[in-house]
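Just run00.txt here, compact mmCIF, C-alpha atoms and all ligand atoms:
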# COMPACT_ATOMS: atom_id res chain seq x y z
CA MET N 1 -12.45 -3.89 -11.41
CA GLN N 2 -10.87 -1.41 -13.82
CA THR N 3 -11.84 2.26 -13.39
CA LYS N 4 -10.34 5.63 -14.30
CA LEU N 5 -8.64 5.53 -10.89
CA THR N 6 -7.00 2.11 -11.26
CA LYS N 7 -5.73 3.18 -14.69
CA LEU N 8 -4.46 6.57 -13.45
CA LEU N 9 -2.60 5.07 -10.49
CA GLY N 10 -1.61 1.69 -11.94
CA ILE N 11 -3.29 -0.24 -9.11
CA ARG N 12 -5.51 -3.33 -9.04
CA TYR N 13 -8.48 -2.10 -6.97
CA PRO N 14 -10.07 1.40 -6.82
CA ILE N 15 -9.37 1.84 -3.10
CA ILE N 16 -7.12 4.51 -1.56
CA GLN N 17 -6.19 4.38 2.12
CA GLY N 18 -6.72 7.70 3.90
CA GLY N 19 -3.68 9.59 5.20
CA MET N 20 -4.31 9.44 8.93
CA ALA N 21 -2.12 11.66 11.12
CA TRP N 22 0.17 9.77 13.55
CA ILE N 23 -1.24 6.50 12.19
CA ALA N 24 -0.65 5.99 8.46
CA ASP N 25 3.04 5.00 8.31
CA ALA N 26 5.12 2.81 5.99
CA SER N 27 3.75 -0.35 7.62
CA LEU N 28 0.09 0.36 6.78
CA ALA N 29 0.82 2.05 3.45
CA SER N 30 2.92 -0.83 2.11
CA ALA N 31 0.33 -3.38 3.28
CA VAL N 32 -2.48 -1.59 1.43
CA SER N 33 -0.38 -1.19 -1.71
CA ASN N 34 0.67 -4.85 -1.60
CA ALA N 35 -3.04 -5.74 -1.27
CA GLY N 36 -3.79 -3.96 -4.57
CA GLY N 37 -5.03 -0.59 -3.25
CA LEU N 38 -3.07 2.64 -2.87
CA GLY N 39 -1.35 2.93 0.51
CA ILE N 40 -0.67 6.41 1.88
CA ILE N 41 1.93 7.68 4.34
CA SER N 42 0.66 10.63 6.39
CA ALA N 43 3.15 13.49 6.60
CA MET N 44 0.89 15.13 9.23
CA ASN N 45 2.99 17.55 11.31
CA ALA N 46 6.21 15.58 10.80
CA ASN N 47 9.41 17.13 9.48
CA ALA N 48 11.17 16.33 6.21
CA ASP N 49 13.58 13.77 7.74
CA TRP N 50 10.74 11.64 9.16
CA VAL N 51 8.82 11.75 5.87
CA ARG N 52 11.91 10.82 3.82
CA GLU N 53 12.61 7.86 6.11
CA GLU N 54 9.03 6.54 5.88
CA ILE N 55 9.10 6.87 2.07
CA ARG N 56 12.30 4.79 1.96
CA LYS N 57 10.91 2.21 4.41
CA CYS N 58 7.76 1.93 2.28
CA ARG N 59 9.82 1.44 -0.90
CA ALA N 60 11.68 -1.40 0.86
CA MET N 61 8.36 -3.11 1.70
CA THR N 62 6.51 -2.74 -1.62
CA ASP N 63 7.31 -2.31 -5.29
CA ARG N 64 3.74 -1.13 -5.97
CA PRO N 65 2.63 2.53 -6.22
CA PHE N 66 2.02 4.35 -2.93
CA GLY N 67 1.44 7.95 -1.87
CA VAL N 68 2.14 10.60 0.74
CA ASN N 69 -0.62 12.75 2.24
CA ILE N 70 0.44 16.31 2.91
CA MET N 71 -1.57 18.18 5.54
CA LEU N 72 -1.36 21.74 4.29
CA MET N 73 -1.64 23.29 7.77
CA SER N 74 1.57 21.52 8.85
CA PRO N 75 4.36 23.86 9.99
CA TYR N 76 6.73 21.74 7.86
CA VAL N 77 4.63 21.85 4.68
CA GLU N 78 7.30 23.62 2.57
CA GLU N 79 10.13 21.19 3.37
CA VAL N 80 7.87 18.13 3.09
CA ALA N 81 6.64 19.38 -0.31
CA LYS N 82 10.29 19.40 -1.47
CA VAL N 83 11.02 15.91 -0.09
CA VAL N 84 8.17 14.22 -2.00
CA ALA N 85 9.50 15.79 -5.22
CA GLU N 86 13.12 14.80 -4.48
CA GLU N 87 12.08 11.24 -3.62
CA ARG N 88 9.79 11.10 -6.68
CA VAL N 89 6.91 9.66 -4.71
CA PRO N 90 4.37 8.18 -7.17
CA VAL N 91 1.29 9.92 -5.70
CA VAL N 92 0.57 12.88 -3.40
CA THR N 93 -2.78 13.58 -1.74
CA THR N 94 -3.37 16.80 0.20
CA GLY N 95 -5.75 17.81 2.96
CA ALA N 96 -7.03 20.80 4.90
CA GLY N 97 -6.23 23.48 2.31
CA ASN N 98 -5.48 24.54 -1.27
CA PRO N 99 -2.32 22.88 -2.73
CA SER N 100 -2.23 24.89 -5.99
CA ARG N 101 1.12 26.56 -5.24
CA PHE N 102 2.92 23.18 -5.16
CA VAL N 103 1.41 21.70 -8.33
CA LYS N 104 4.10 22.90 -10.78
CA ASP N 105 7.02 21.38 -8.82
CA TRP N 106 5.20 18.12 -8.13
CA LYS N 107 4.17 17.66 -11.78
CA ALA N 108 7.79 18.37 -12.81
CA ALA N 109 8.79 15.46 -10.53
CA GLY N 110 6.24 13.18 -12.27
CA ILE N 111 3.94 12.99 -9.25
CA ILE N 112 0.22 12.17 -9.63
CA ILE N 113 -1.67 14.72 -7.50
CA LEU N 114 -5.04 14.12 -5.82
CA PRO N 115 -6.15 16.92 -3.49
CA VAL N 116 -8.92 16.30 -1.00
CA VAL N 117 -11.70 18.84 -1.55
CA ALA N 118 -14.79 19.57 0.51
CA SER N 119 -16.45 21.93 -2.01
CA THR N 120 -16.95 22.41 -5.76
CA ALA N 121 -15.12 25.77 -5.52
CA LEU N 122 -11.86 24.14 -4.43
CA ALA N 123 -12.37 21.30 -6.94
CA LYS N 124 -12.50 23.87 -9.78
CA MET N 125 -9.45 25.74 -8.44
CA VAL N 126 -7.26 22.64 -8.26
CA GLU N 127 -8.47 21.50 -11.69
CA ARG N 128 -7.25 24.83 -13.10
CA ALA N 129 -3.94 24.37 -11.24
CA GLY N 130 -3.38 21.10 -13.15
CA VAL N 131 -3.99 18.23 -10.70
CA ASP N 132 -4.84 14.72 -11.95
CA ALA N 133 -8.00 13.87 -9.95
CA VAL N 134 -9.74 14.96 -6.76
CA ILE N 135 -10.92 13.20 -3.63
CA ALA N 136 -14.33 14.60 -2.62
CA GLU N 137 -14.59 14.06 1.12
CA GLY N 138 -17.89 14.44 2.96
CA GLY N 139 -18.24 15.34 6.64
CA GLU N 140 -18.96 11.71 7.63
CA SER N 141 -15.20 11.22 7.57
CA GLY N 142 -12.94 11.20 10.55
CA GLY N 143 -10.53 14.03 11.23
CA HIS N 144 -10.81 17.46 9.65
CA VAL N 145 -14.28 17.75 8.13
CA GLY N 146 -16.08 19.96 5.65
CA ASP N 147 -19.78 20.93 5.79
CA LEU N 148 -21.30 18.78 3.04
CA THR N 149 -22.16 15.10 3.20
CA THR N 150 -20.59 12.62 0.78
CA MET N 151 -23.99 11.94 -0.82
CA ALA N 152 -24.45 15.66 -1.64
CA LEU N 153 -20.82 16.55 -2.38
CA VAL N 154 -19.66 13.78 -4.74
CA PRO N 155 -22.21 14.22 -7.57
CA GLN N 156 -21.84 18.01 -7.43
CA VAL N 157 -18.06 17.73 -7.76
CA VAL N 158 -18.51 15.18 -10.58
CA ASP N 159 -20.68 17.73 -12.42
CA ALA N 160 -18.38 20.69 -11.67
CA ILE N 161 -15.10 19.38 -13.13
CA ASP N 162 -13.79 17.15 -15.93
CA LEU N 163 -11.33 15.20 -13.75
CA PRO N 164 -11.85 11.77 -12.16
CA VAL N 165 -13.44 12.02 -8.70
CA VAL N 166 -12.76 9.69 -5.76
CA ALA N 167 -15.41 9.53 -3.00
CA ALA N 168 -14.45 9.68 0.68
CA GLY N 169 -16.24 10.01 4.01
CA GLY N 170 -18.61 7.38 5.38
CA ILE N 171 -17.38 4.53 3.17
CA GLY N 172 -16.37 1.28 4.82
CA ASP N 173 -17.48 -1.67 2.72
CA GLY N 174 -18.53 -2.89 -0.73
CA ARG N 175 -21.90 -1.16 -0.48
CA GLY N 176 -20.17 2.19 -0.02
CA LEU N 177 -17.93 1.49 -2.99
CA VAL N 178 -20.88 0.63 -5.28
CA ALA N 179 -22.84 3.66 -4.02
CA SER N 180 -19.82 5.86 -4.79
CA LEU N 181 -19.65 4.51 -8.35
CA ALA N 182 -23.38 5.27 -8.70
CA LEU N 183 -22.68 8.88 -7.68
CA GLY N 184 -20.15 9.13 -10.51
CA ALA N 185 -16.94 8.47 -8.57
CA CYS N 186 -14.24 6.17 -9.98
CA GLY N 187 -13.12 4.83 -6.61
CA VAL N 188 -13.06 5.44 -2.88
CA GLN N 189 -10.75 6.56 -0.11
CA MET N 190 -11.24 4.86 3.26
CA GLY N 191 -9.54 5.68 6.54
CA THR N 192 -11.58 4.42 9.48
CA ARG N 193 -11.82 0.81 8.29
CA PHE N 194 -8.01 0.63 7.93
CA LEU N 195 -7.55 1.79 11.54
CA VAL N 196 -8.10 -1.82 12.60
CA ALA N 197 -5.92 -3.39 9.92
CA LYS N 198 -3.43 -5.87 11.43
CA GLU N 199 -0.62 -3.87 9.79
CA CYS N 200 -1.87 -0.61 11.33
CA THR N 201 0.52 0.30 14.15
CA VAL N 202 -1.95 2.51 16.05
CA SER N 203 -2.32 1.85 19.81
CA PRO N 204 -4.43 -1.22 20.80
CA GLU N 205 -6.75 1.10 22.78
CA TYR N 206 -7.51 3.04 19.57
CA LYS N 207 -8.48 -0.18 17.77
CA LYS N 208 -10.64 -1.20 20.74
CA LYS N 209 -12.50 2.13 20.64
CA VAL N 210 -13.21 1.77 16.90
CA LEU N 211 -14.38 -1.84 17.32
CA ALA N 212 -16.66 -0.84 20.21
CA ALA N 213 -18.12 2.19 18.40
CA LYS N 214 -21.76 2.32 17.30
CA ASP N 215 -23.47 4.56 14.74
CA ILE N 216 -23.75 7.60 17.02
CA SER N 217 -20.36 7.23 18.71
CA THR N 218 -18.58 10.09 16.90
CA MET N 219 -18.93 13.87 17.23
CA VAL N 220 -17.41 17.02 15.76
CA THR N 221 -15.48 19.50 17.90
CA GLY N 222 -13.27 22.45 17.01
CA ARG N 223 -15.74 24.50 14.95
CA ARG N 224 -15.08 27.59 17.10
CA LEU N 225 -11.42 27.67 16.05
CA GLY N 226 -12.25 26.98 12.41
CA HIS N 227 -10.82 23.42 12.37
CA PRO N 228 -13.72 21.05 12.95
CA VAL N 229 -12.62 17.44 13.53
CA ARG N 230 -14.68 14.26 13.95
CA ALA N 231 -13.62 11.88 16.69
CA ILE N 232 -15.00 9.11 18.88
CA LYS N 233 -16.89 10.57 21.87
CA THR N 234 -14.76 10.32 25.00
CA ALA N 235 -14.24 12.23 28.24
CA TYR N 236 -11.77 14.37 26.25
CA THR N 237 -14.21 15.35 23.46
CA ASN N 238 -16.96 16.06 26.03
CA ALA N 239 -14.58 18.31 27.99
CA TYR N 240 -13.50 20.05 24.77
CA ALA N 241 -17.12 20.61 23.72
CA LYS N 242 -17.94 22.19 27.10
CA LEU N 243 -14.97 24.59 26.91
CA GLU N 244 -15.78 25.38 23.29
CA ALA N 245 -19.35 26.37 24.22
CA ASP N 246 -18.10 28.57 27.08
CA SER N 247 -17.65 32.04 25.57
CA ASN N 248 -15.63 33.13 28.63
CA TYR N 249 -12.99 30.49 27.84
CA PRO N 250 -10.30 32.11 25.62
CA ASP N 251 -9.48 30.77 22.12
CA GLU N 252 -5.75 30.49 22.97
CA GLU N 253 -6.44 28.16 25.90
CA LEU N 254 -8.84 26.09 23.78
CA GLU N 255 -6.06 25.76 21.19
CA GLN N 256 -3.66 24.61 23.94
CA PHE N 257 -6.22 22.04 25.15
CA GLY N 258 -6.00 20.33 21.75
CA VAL N 259 -2.21 20.24 21.42
CA GLY N 260 -0.78 16.72 21.34
CA SER N 261 -4.17 15.01 21.58
CA LEU N 262 -3.88 13.11 18.26
CA ARG N 263 -0.46 11.72 19.22
CA LYS N 264 -1.69 10.77 22.70
CA ALA N 265 -4.55 8.74 21.18
CA ALA N 266 -2.59 7.14 18.34
CA LYS N 267 0.70 6.37 20.09
CA GLU N 268 -0.19 6.12 23.79
CA GLY N 269 -3.86 5.11 23.67
CA ASP N 270 -4.42 7.78 26.36
CA ALA N 271 -8.21 7.60 26.86
CA GLU N 272 -8.27 10.72 29.05
CA HIS N 273 -6.23 13.20 26.97
CA GLY N 274 -6.28 11.56 23.55
CA CYS N 275 -8.45 12.53 20.57
CA PHE N 276 -9.46 9.34 18.71
CA LEU N 277 -10.28 10.58 15.21
CA ALA N 278 -12.70 8.28 13.37
CA GLY N 279 -15.52 8.55 10.85
CA GLN N 280 -19.22 7.76 11.11
CA ILE N 281 -18.75 4.22 9.73
CA ALA N 282 -16.80 3.24 12.88
CA GLY N 283 -20.00 1.46 13.96
CA MET N 284 -19.69 -0.88 10.93
CA VAL N 285 -16.12 -1.92 11.70
CA ARG N 286 -16.44 -5.29 13.37
CA CYS N 287 -13.06 -7.04 13.41
CA GLU N 288 -9.35 -6.71 12.96
CA GLN N 289 -8.24 -8.10 9.56
CA THR N 290 -5.20 -7.80 7.34
CA ALA N 291 -5.41 -4.98 4.78
CA SER N 292 -5.59 -7.67 2.10
CA GLU N 293 -8.54 -9.43 3.78
CA MET N 294 -10.39 -6.11 4.03
CA ILE N 295 -9.81 -5.17 0.40
CA GLU N 296 -10.67 -8.64 -0.95
CA GLU N 297 -13.89 -8.66 1.13
CA ILE N 298 -14.90 -5.17 -0.05
CA MET N 299 -14.21 -6.03 -3.70
CA ALA N 300 -16.08 -9.36 -3.53
CA GLN N 301 -19.12 -7.62 -2.01
CA ALA N 302 -18.97 -4.83 -4.58
CA GLU N 303 -18.51 -7.18 -7.55
CA GLN N 304 -21.47 -9.26 -6.41
CA MET N 305 -23.65 -6.16 -6.19
CA MET N 306 -22.45 -4.89 -9.55
CA GLU N 307 -23.45 -8.08 -11.36
CA GLY N 308 -25.91 -7.09 -14.03
CA VAL N 309 -25.24 -3.38 -13.41
CA ARG N 310 -22.91 -1.48 -15.72
CA TRP N 311 -22.29 2.23 -15.13
CA GLU N 312 -19.59 4.25 -16.76
CA ARG N 313 -16.53 3.93 -14.51
O1 LIG B 401 -7.46 16.86 6.15
C1 LIG B 401 -8.26 16.00 6.36
N1 LIG B 401 -8.34 15.33 7.54
C2 LIG B 401 -7.55 15.59 8.63
S1 LIG B 401 -6.29 16.69 8.72
C3 LIG B 401 -6.01 16.30 10.29
S2 LIG B 401 -4.75 17.00 11.25
C4 LIG B 401 -5.50 18.33 11.97
N2 LIG B 401 -5.13 18.59 13.20
C5 LIG B 401 -5.66 19.62 13.86
C6 LIG B 401 -6.58 20.45 13.27
C7 LIG B 401 -6.98 20.19 12.02
C8 LIG B 401 -6.43 19.10 11.35
C9 LIG B 401 -6.89 15.34 10.70
N3 LIG B 401 -7.72 14.96 9.76
N4 LIG B 401 -9.14 15.63 5.40
C10 LIG B 401 -9.14 16.28 4.15
C11 LIG B 401 -10.00 17.46 4.17
N5 LIG B 401 -9.70 18.59 3.63
N6 LIG B 401 -11.22 17.55 4.74
C12 LIG B 401 -11.68 18.80 4.50
C13 LIG B 401 -10.69 19.46 3.80
C14 LIG B 401 -10.67 20.77 3.31
C15 LIG B 401 -11.41 21.78 3.92
C16 LIG B 401 -11.33 23.07 3.42
C17 LIG B 401 -9.85 21.08 2.23
C18 LIG B 401 -9.78 22.36 1.77
C19 LIG B 401 -10.53 23.34 2.36
O2 LIG B 401 -10.48 24.59 1.84
C20 LIG B 401 -9.54 25.46 2.36
C21 LIG B 401 -9.02 26.42 1.32
O3 LIG B 401 -7.92 26.93 1.56
O4 LIG B 401 -9.70 26.63 0.33
For the structure just supplied, provide its representation as structure tokens.
Ligand code: TUI
Amino acid sequence: MQTKLTKLLGIRYPIIQGGMAWIADASLASAVSNAGGLGIISAMNANADWVREEIRKCRAMTDRPFGVNIMLMSPYVEEVAKVVAEERVPVVTTGAGNPSRFVKDWKAAGIIILPVVASTALAKMVERAGVDAVIAEGGESGGHVGDLTTMALVPQVVDAIDLPVVAAGGIGDGRGLVASLALGACGVQMGTRFLVAKECTVSPEYKKKVLAAKDISTMVTGRRLGHPVRAIKTAYTNAYAKLEADSNYPDEELEQFGVGSLRKAAKEGDAEHGCFLAGQIAGMVRCEQTASEMIEEIMAQAEQMMEGVRWER
């Protein structure tokens, strides 16, 4: 399936793997790229040395294009922004902020830039800054979420800018891919489904929680501090929600309550103190598969549905 996205990135299938903090490393990224999608290394809150090492590991495991996701709230964002330019990473995606100030340096290094946006306002700003495409992510996604749903956001972003738009949030199979194309997107980004890829090095407990999830198993916490995140409901998210609703509980202590929770879930599988970020499609994720099996299954389902249907893509 050729689309504006496969042509822009030089990949076989219009599927980008989401940049999941503490999870998306060179192992998962290279597997997705080798399977014909675009694998992404998450720079999360890691420093420049860690990011450089993962980039080099990924290059050793694939000769296909791959990307790095830069979380713009990271304390190391400036040094990581330099590393991706020095290493001439093929693609950079960004999250949780406005990446406009980095665009000039990244374009000078030949990098294809795809910011994640949660509004038409940011989509227009990054278009003016000179990015190549945008990823419009609805609040069905896991992790840091915006207010709009994918169904409402994607067509409005498509209408607002002249760049290719990738849909994200709530997409986990071929039906979601075809629906995204119908909304005017040229491809999808998926995170939650890839959590249970065989090549995903996340803790076994994390995979178990995703596989056991049903439709209503996720919730959003963190609105009070301005950083809403969607995660699987656990004792930890329930405790967080209680503290968040308690106006006598200070913001600083709430902030402290969240520190380290992503790492504890991803690396240690700590069910009590870990925050297991996942999107609303967790309930559709049924089995562990290789990244290649997932992508081939999604594409076969999408191609079958597309038979007889031809939209611009
Ligand atoms: O960024 C994500 N997902 C994430 S980041 C993350 S790590 C984290 N840890 C603690 C607190 C918060 C985050 C886990 N998951 N997705 C991309 C995304 N970006 N979703 C929404 C946005 C977004 C929201 C507002 C992007 C820009 C924006 O505008 C801000 C501005 O400066 O205009």
Where's the centre, and what are the edge lengths in Å to one decimal, of a box along x, y and z enclosing all listed atoms of segment 81-86 of chain N padded 4 Å per side, as lines of an AutoDock Vina configuration file?
center_x = 9.9
center_y = 16.8
center_z = -2.7
size_x = 14.5
size_y = 13.2
size_z = 13.1
Produce a table with one row for each residue of chain N that has an atom at most 6 Å from any atom of ligand LIG 401 (chain B), each row naming the nearest atom pair and its distance in Å at one decimal; use all atoms listed in the file; arrange rows by chain and rising residue number; format as a tab-separated table.
residue	atom	partner	partner_atom	distance
N:Ala21	CA	B:LIG401	S2	6.0
N:Met71	CA	B:LIG401	S1	5.9
N:Gly95	CA	B:LIG401	O1	3.7
N:Ala96	CA	B:LIG401	N5	3.7
N:Gly97	CA	B:LIG401	C18	3.8
N:Asn98	CA	B:LIG401	O3	4.4
N:Val116	CA	B:LIG401	C10	5.2
N:Val117	CA	B:LIG401	C17	4.8
N:Ala118	CA	B:LIG401	C12	5.1
N:Leu122	CA	B:LIG401	O4	5.8
N:Gly143	CA	B:LIG401	N3	3.3
N:His144	CA	B:LIG401	N1	3.9
N:Val145	CA	B:LIG401	N6	4.6
N:Gly146	CA	B:LIG401	C12	4.7
N:His227	CA	B:LIG401	C7	5.0
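Atom to atom, atom CA of Lys214 of chain N and atom CA of Ala278 of chain N stand 11.5 Å apart.
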At a cut-off of 10 Å from (-5.2, 15.5, -8.7) in the coordinates of the file, what residues are picked up using all atoms listed in the file, written as a CSV table (one decimal) with C-alpha atoms, keeping the file's coordinate frame?
chain,number,residue,atom,x,y,z
N,91,VAL,CA,1.3,9.9,-5.7
N,92,VAL,CA,0.6,12.9,-3.4
N,93,THR,CA,-2.8,13.6,-1.7
N,94,THR,CA,-3.4,16.8,0.2
N,99,PRO,CA,-2.3,22.9,-2.7
N,103,VAL,CA,1.4,21.7,-8.3
N,111,ILE,CA,3.9,13.0,-9.2
N,112,ILE,CA,0.2,12.2,-9.6
N,113,ILE,CA,-1.7,14.7,-7.5
N,114,LEU,CA,-5.0,14.1,-5.8
N,115,PRO,CA,-6.2,16.9,-3.5
N,116,VAL,CA,-8.9,16.3,-1.0
N,123,ALA,CA,-12.4,21.3,-6.9
N,126,VAL,CA,-7.3,22.6,-8.3
N,127,GLU,CA,-8.5,21.5,-11.7
N,129,ALA,CA,-3.9,24.4,-11.2
N,130,GLY,CA,-3.4,21.1,-13.2
N,131,VAL,CA,-4.0,18.2,-10.7
N,132,ASP,CA,-4.8,14.7,-12.0
N,133,ALA,CA,-8.0,13.9,-10.0
N,134,VAL,CA,-9.7,15.0,-6.8
N,135,ILE,CA,-10.9,13.2,-3.6
N,163,LEU,CA,-11.3,15.2,-13.8
N,164,PRO,CA,-11.8,11.8,-12.2
N,165,VAL,CA,-13.4,12.0,-8.7
N,166,VAL,CA,-12.8,9.7,-5.8
Using atom CA of Lys267 of chain N and atom CA of Ser30 of chain N as the two end points, give the distance in Å to one decimal.
-> 19.5 Å
How close does segment 198-287 of chain N get to segment 181-194 of chain N? List, as JSON lines, each residue of segment 198-287 of chain N within 7 Å, its nearest atom pair and the distance in Å to one decimal, counting all atoms listed in the file.
{"residue": "N:Ala278", "atom": "CA", "partner": "N:Thr192", "partner_atom": "CA", "distance": 5.6}
{"residue": "N:Gly279", "atom": "CA", "partner": "N:Thr192", "partner_atom": "CA", "distance": 5.9}
{"residue": "N:Ala282", "atom": "CA", "partner": "N:Thr192", "partner_atom": "CA", "distance": 6.3}
{"residue": "N:Val285", "atom": "CA", "partner": "N:Arg193", "partner_atom": "CA", "distance": 6.1}
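One finds atom CA of Leu8 of chain N at 27.3 Å from atom CA of Ile281 of chain N.
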